[in-house]
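The file input-v4.tsv contains TSV, C-alpha atoms:
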```
chain	number	residue	atom	x	y	z
A	1	MET	CA	4.17	-13.75	-16.52
A	2	ARG	CA	2.97	-13.80	-12.92
A	3	TRP	CA	5.19	-13.87	-9.84
A	4	THR	CA	4.27	-16.17	-6.98
A	5	TRP	CA	5.16	-15.40	-3.40
A	6	PHE	CA	7.44	-18.42	-3.16
A	7	ASP	CA	9.31	-17.95	-6.44
A	8	ASP	CA	12.53	-16.06	-5.76
A	9	GLU	CA	13.73	-16.26	-9.34
A	10	ALA	CA	10.68	-14.99	-11.23
A	11	ARG	CA	10.54	-11.55	-12.76
A	12	LEU	CA	7.67	-9.49	-14.10
A	13	PRO	CA	7.87	-7.51	-17.34
A	14	SER	CA	9.49	-4.10	-16.93
A	15	ASP	CA	6.18	-2.20	-17.07
A	16	ARG	CA	4.97	-3.93	-13.92
A	17	PHE	CA	6.21	-2.62	-10.66
A	18	HIS	CA	7.09	-5.92	-9.30
A	19	LEU	CA	6.98	-9.10	-7.40
A	20	LEU	CA	4.65	-8.77	-4.44
A	21	PHE	CA	2.46	-5.77	-5.20
A	22	GLY	CA	0.14	-5.94	-8.19
A	23	MET	CA	0.43	-2.27	-9.15
A	24	THR	CA	2.32	-0.32	-11.76
A	25	ARG	CA	5.49	1.60	-10.96
A	26	TRP	CA	3.71	4.96	-10.97
A	27	GLN	CA	1.10	3.63	-8.53
A	28	ALA	CA	3.87	2.59	-6.17
A	29	ALA	CA	5.32	6.09	-6.34
A	30	ALA	CA	1.87	7.58	-5.84
A	31	ILE	CA	1.38	5.72	-2.56
A	32	THR	CA	4.53	7.08	-1.00
A	33	PHE	CA	4.25	10.54	-2.54
A	34	TYR	CA	0.70	11.14	-1.42
A	35	ILE	CA	0.62	9.29	1.88
A	36	LEU	CA	3.98	8.87	3.60
A	37	PHE	CA	3.86	10.73	6.89
A	38	GLY	CA	1.01	12.89	5.61
A	39	LEU	CA	3.36	15.72	4.67
A	40	ALA	CA	3.91	17.69	1.52
A	41	PRO	CA	7.47	17.23	0.19
A	42	ALA	CA	8.45	20.74	1.28
A	43	GLU	CA	7.40	19.97	4.86
A	44	ALA	CA	9.03	16.58	5.20
A	45	ARG	CA	12.15	16.13	7.28
A	46	ASP	CA	15.28	14.76	5.63
A	47	GLU	CA	14.76	11.49	7.50
A	48	GLN	CA	11.24	11.14	6.15
A	49	ILE	CA	12.37	11.89	2.60
A	50	GLU	CA	15.05	9.21	2.93
A	51	ILE	CA	12.48	6.69	4.20
A	52	THR	CA	10.25	7.54	1.23
A	53	LYS	CA	13.11	6.85	-1.19
A	54	LEU	CA	14.06	3.60	0.54
A	55	TYR	CA	10.46	2.39	0.57
A	56	GLN	CA	9.99	3.17	-3.13
A	57	ARG	CA	13.21	1.35	-3.99
A	58	GLY	CA	12.13	-1.58	-1.87
A	59	LEU	CA	8.81	-1.76	-3.67
A	60	VAL	CA	10.54	-2.26	-6.99
A	61	GLY	CA	12.79	-5.02	-5.71
A	62	ASP	CA	15.82	-3.44	-3.99
A	63	LYS	CA	16.41	-5.88	-1.11
A	64	GLN	CA	18.99	-3.74	0.66
A	65	ALA	CA	16.67	-0.74	0.50
A	66	VAL	CA	14.03	-2.79	2.32
A	67	ILE	CA	16.50	-3.64	5.09
A	68	ASP	CA	17.62	-0.01	5.36
A	69	CYS	CA	14.02	1.19	5.36
A	70	ILE	CA	13.16	-1.13	8.25
A	71	THR	CA	16.21	0.01	10.22
A	72	THR	CA	15.39	3.68	9.70
A	73	LEU	CA	11.71	3.26	10.56
A	74	GLU	CA	12.56	1.34	13.74
A	75	ALA	CA	14.92	4.12	14.79
A	76	LEU	CA	12.22	6.70	14.08
A	77	LEU	CA	9.70	4.78	16.18
A	78	LYS	CA	12.10	4.68	19.12
A	79	ASN	CA	12.03	8.49	19.11
A	80	GLU	CA	8.37	8.77	18.13
A	81	PRO	CA	6.61	5.69	19.60
A	82	ASN	CA	3.17	7.13	18.81
A	83	ASN	CA	3.88	7.70	15.13
A	84	GLN	CA	1.39	5.19	13.76
A	85	LEU	CA	2.00	6.13	10.15
A	86	ALA	CA	5.64	5.14	10.60
A	87	ARG	CA	4.46	1.92	12.30
A	88	VAL	CA	2.12	0.95	9.47
A	89	TYR	CA	4.88	1.59	6.94
A	90	LEU	CA	7.24	-0.51	9.04
A	91	GLY	CA	4.72	-3.32	8.89
A	92	SER	CA	4.41	-2.92	5.14
A	93	ALA	CA	8.21	-2.93	4.83
A	94	TYR	CA	8.35	-6.20	6.77
A	95	THR	CA	6.02	-7.77	4.21
A	96	LEU	CA	8.56	-6.74	1.58
A	97	ARG	CA	11.34	-8.26	3.69
A	98	SER	CA	9.36	-11.50	3.82
A	99	ARG	CA	9.10	-11.39	0.04
A	100	ASP	CA	12.89	-11.29	-0.20
A	101	LEU	CA	13.65	-14.15	2.19
A	102	SER	CA	14.23	-17.72	1.08
A	103	LEU	CA	11.65	-20.39	1.82
A	104	GLY	CA	11.53	-21.37	5.45
A	105	PRO	CA	9.94	-20.52	8.81
A	106	GLN	CA	11.56	-17.09	8.95
A	107	LYS	CA	9.74	-15.99	5.81
A	108	LEU	CA	6.35	-16.56	7.43
A	109	LEU	CA	7.42	-15.16	10.80
A	110	VAL	CA	8.57	-11.89	9.21
A	111	LEU	CA	5.34	-11.63	7.23
A	112	LYS	CA	3.28	-12.17	10.39
A	113	LYS	CA	5.31	-9.49	12.15
A	114	GLY	CA	4.56	-7.05	9.36
A	115	ILE	CA	0.86	-7.79	9.43
A	116	ALA	CA	0.78	-7.45	13.22
A	117	LEU	CA	2.50	-4.06	13.07
A	118	MET	CA	-0.01	-2.78	10.52
A	119	ASP	CA	-2.89	-4.03	12.64
A	120	GLU	CA	-1.42	-2.36	15.74
A	121	ALA	CA	-1.14	0.95	13.91
A	122	VAL	CA	-4.75	0.87	12.74
A	123	ALA	CA	-5.98	-0.22	16.17
A	124	ALA	CA	-4.15	2.70	17.77
A	125	THR	CA	-5.57	5.25	15.31
A	126	PRO	CA	-8.68	3.74	13.72
A	127	ASP	CA	-9.84	7.07	12.30
A	128	ASP	CA	-6.54	7.90	10.62
A	129	VAL	CA	-7.34	7.47	6.96
A	130	HIS	CA	-3.71	7.50	5.86
A	131	VAL	CA	-2.73	4.69	8.21
A	132	ARG	CA	-5.75	2.62	7.18
A	133	LEU	CA	-5.09	3.24	3.49
A	134	VAL	CA	-1.52	1.95	3.73
A	135	ARG	CA	-2.74	-1.21	5.44
A	136	ALA	CA	-5.51	-1.67	2.89
A	137	LEU	CA	-3.15	-1.31	-0.07
A	138	THR	CA	-0.61	-3.69	1.47
A	139	ASN	CA	-3.21	-6.30	2.40
A	140	GLN	CA	-4.72	-6.07	-1.07
A	141	SER	CA	-1.36	-6.84	-2.61
A	142	LEU	CA	-0.66	-9.95	-0.54
A	143	PRO	CA	-1.36	-13.37	-2.10
A	144	PHE	CA	-4.97	-14.42	-1.59
A	145	PHE	CA	-4.09	-17.57	0.35
A	146	LEU	CA	-2.83	-15.45	3.23
A	147	GLY	CA	-6.41	-14.48	3.97
A	148	ARG	CA	-6.02	-10.70	4.02
A	149	ARG	CA	-8.36	-9.80	1.16
A	150	ALA	CA	-11.42	-9.56	3.42
A	151	ALA	CA	-9.56	-7.19	5.75
A	152	ALA	CA	-8.51	-5.09	2.76
A	153	ARG	CA	-12.07	-4.84	1.49
A	154	GLN	CA	-13.32	-3.83	4.95
A	155	ASP	CA	-10.65	-1.13	5.16
A	156	PHE	CA	-11.52	0.18	1.72
A	157	GLU	CA	-15.23	0.27	2.52
A	158	GLU	CA	-14.58	2.14	5.77
A	159	LEU	CA	-12.34	4.59	3.95
A	160	VAL	CA	-14.95	5.15	1.24
A	161	ALA	CA	-17.56	5.84	3.94
A	162	ILE	CA	-15.27	8.33	5.69
A	163	VAL	CA	-14.34	10.11	2.48
A	164	SER	CA	-17.97	10.23	1.38
A	165	LYS	CA	-18.78	12.28	4.48
A	166	ASN	CA	-15.51	14.24	4.64
A	167	PRO	CA	-13.73	14.34	1.26
A	168	GLU	CA	-11.06	16.65	2.68
A	169	LYS	CA	-9.75	13.78	4.82
A	170	LEU	CA	-7.81	12.65	1.76
A	171	ALA	CA	-6.12	14.71	-0.91
A	172	PRO	CA	-7.67	14.39	-4.40
A	173	GLY	CA	-4.91	12.09	-5.57
A	174	ASP	CA	-5.38	9.88	-2.51
A	175	ARG	CA	-9.11	9.71	-3.23
A	176	GLN	CA	-8.50	8.55	-6.77
A	177	LEU	CA	-6.08	5.91	-5.48
A	178	LEU	CA	-8.67	4.81	-2.92
A	179	PHE	CA	-11.55	4.51	-5.39
A	180	LEU	CA	-9.39	2.69	-7.93
A	181	ASN	CA	-8.26	0.04	-5.46
A	182	ALA	CA	-11.58	-0.19	-3.62
A	183	GLY	CA	-13.18	-0.94	-6.98
A	184	ILE	CA	-10.60	-3.62	-7.75
A	185	VAL	CA	-11.29	-5.32	-4.42
A	186	ALA	CA	-15.07	-5.09	-4.98
A	187	LYS	CA	-14.69	-6.74	-8.37
A	188	GLN	CA	-12.50	-9.46	-6.88
A	189	GLY	CA	-15.34	-10.08	-4.44
A	190	GLY	CA	-17.77	-10.52	-7.32
A	191	ASP	CA	-19.54	-7.15	-6.98
A	192	LYS	CA	-19.07	-5.61	-10.41
A	193	ALA	CA	-21.79	-3.00	-9.88
A	194	ARG	CA	-20.08	-1.73	-6.75
A	195	ALA	CA	-16.75	-1.70	-8.57
A	196	SER	CA	-18.15	0.41	-11.40
A	197	ASP	CA	-19.68	2.88	-8.95
A	198	LEU	CA	-16.38	3.29	-7.12
A	199	TRP	CA	-14.40	3.78	-10.31
A	200	LYS	CA	-16.88	6.40	-11.53
A	201	ARG	CA	-16.48	8.23	-8.23
A	202	GLY	CA	-12.73	8.20	-8.73
A	203	LEU	CA	-13.20	9.92	-12.07
A	204	ARG	CA	-15.02	12.85	-10.49
A	205	THR	CA	-11.69	14.34	-9.38
A	206	PRO	CA	-9.36	13.56	-12.31
A	207	VAL	CA	-6.27	15.17	-10.80
A	208	ASP	CA	-3.79	12.45	-11.79
A	209	PRO	CA	-3.79	11.63	-15.52
A	210	LYS	CA	-2.39	8.13	-15.00
A	211	LEU	CA	-4.85	7.28	-12.24
A	212	THR	CA	-7.61	8.63	-14.48
A	213	GLN	CA	-6.38	6.40	-17.29
A	214	GLU	CA	-6.33	3.39	-14.97
A	215	LEU	CA	-9.85	4.13	-13.75
A	216	ASN	CA	-11.16	4.42	-17.29
A	217	ALA	CA	-9.45	1.17	-18.24
A	218	ALA	CA	-10.97	-0.59	-15.22
A	219	LEU	CA	-14.44	0.61	-16.18
A	220	ALA	CA	-13.98	-0.46	-19.78
A	221	GLY	CA	-12.93	-3.94	-18.71
A	222	ASN	CA	-15.67	-4.47	-16.14
```
Structure rendered as structure tokens:
Amino acid sequence: MRWTWFDDEARLPSDRFHLLFGMTRWQAAAITFYILFGLAPAEARDEQIEITKLYQRGLVGDKQAVIDCITTLEALLKNEPNNQLARVYLGSAYTLRSRDLSLGPQKLLVLKKGIALMDEAVAATPDDVHVRLVRALTNQSLPFFLGRRAAARQDFEELVAIVSKNPEKLAPGDRQLLFLNAGIVAKQGGDKARASDLWKRGLRTPVDPKLTQELNAALAGN
């Protein structure tokens, strides 16, 4: 069963992570674990850990967690206005808030706000791979009729180019996540050869067994 952006009552099977984003639950956790604020868990502040938890809960459908995540991120940005990673996550959280709203003008307005925040964050720090990766993953997950797939593919291609020159820019788990999703977007664009190449590159650093499994499955089904 597939969820559509306008169907507030639909539910996906329990092994799918949910509603808006077309990833599994472990992939959702991987995004926040690897990327959020660019810190290892031991280095993260309590506030950042709380935001991580709220964002993860929001991803799997907790509407109140989305609201709380937005509130916390907005407070953080008041104190750290140049924290573009927090800004891009705020934008992503607003897309989740739009998901949760009933049909009407506010739903689209909130979505546009989220997209604008993500774009502002990337524009402010175009070379920040973590910020760009969050935007790419969020754009990729949005319904195709919103017209963000081309932007997602461009982000993924830029990230692949950066990582090809400087692999250390992303942790090994991040790189696997990048190559997996970049390959998915390439296949969606009709470039199966490019998709296979990207997935094979993701398998060169098999640090995450589940990502490795997903990469192998993508290759087998290409």
(request) Please identify all polymer residues within 9 Å of range 159-162 of chain A, counting all atoms listed in the file, omitting same-chain residues fewer than 3 positions from it, and present them as a list in words. (result)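 What passes the distance filter is Asp127, Val129, Arg132, Leu133, Gln154, Asp155, Phe156, Lys165, Asn166, Pro167, Lys169, Arg175, Leu178, Phe179, Ala182 and Leu198 of chain A.
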(request) To one decimal in Å, tell me the separation between CA of Val66 in chain A and CA of Asp119 in chain A. (result)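 Computed distance, CA of Val66 in chain A to CA of Asp119 in chain A, equals 19.9 Å.
Going from CA of Tyr55 in chain A to CA of Ala171 in chain A covers 20.7 Å.
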(request) Write out as a PyMOL selection string each polymer residue whose atoms come within 10 Å of Ala152 in chain A, counting all atoms listed in the file; drop sequence neighbours fewer than 3 positions from it. (result) chain A and resi 132-142+147-149+155-158+181-182+185
(request) Could you please determine the separation between CA of Lys210 in chain A and CA of Gln176 in chain A in Å, to one decimal place? (result) 10.3 Å
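Proximity of A:Leu109, A:Met118, A:Leu103, A:Ala123 to Val88 in chain A, computed with all atoms listed in the file, is greatest for A:Met118.
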(request) Find, counting all atoms listed in the file, the residue in A:Arg194, A:Val163, A:Gly221, A:Ile70 that gets nearest to Ser98 in chain A. (result)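 Among the listed residues, the smallest separation from Ser98 in chain A belongs to A:Ile70.
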(message) Taking all atoms listed in the file into account, name the residue in A:Lys53, A:Arg204, A:Lys192, A:Lys112 that is nearest to Ala220 in chain A.
(response) A:Lys192
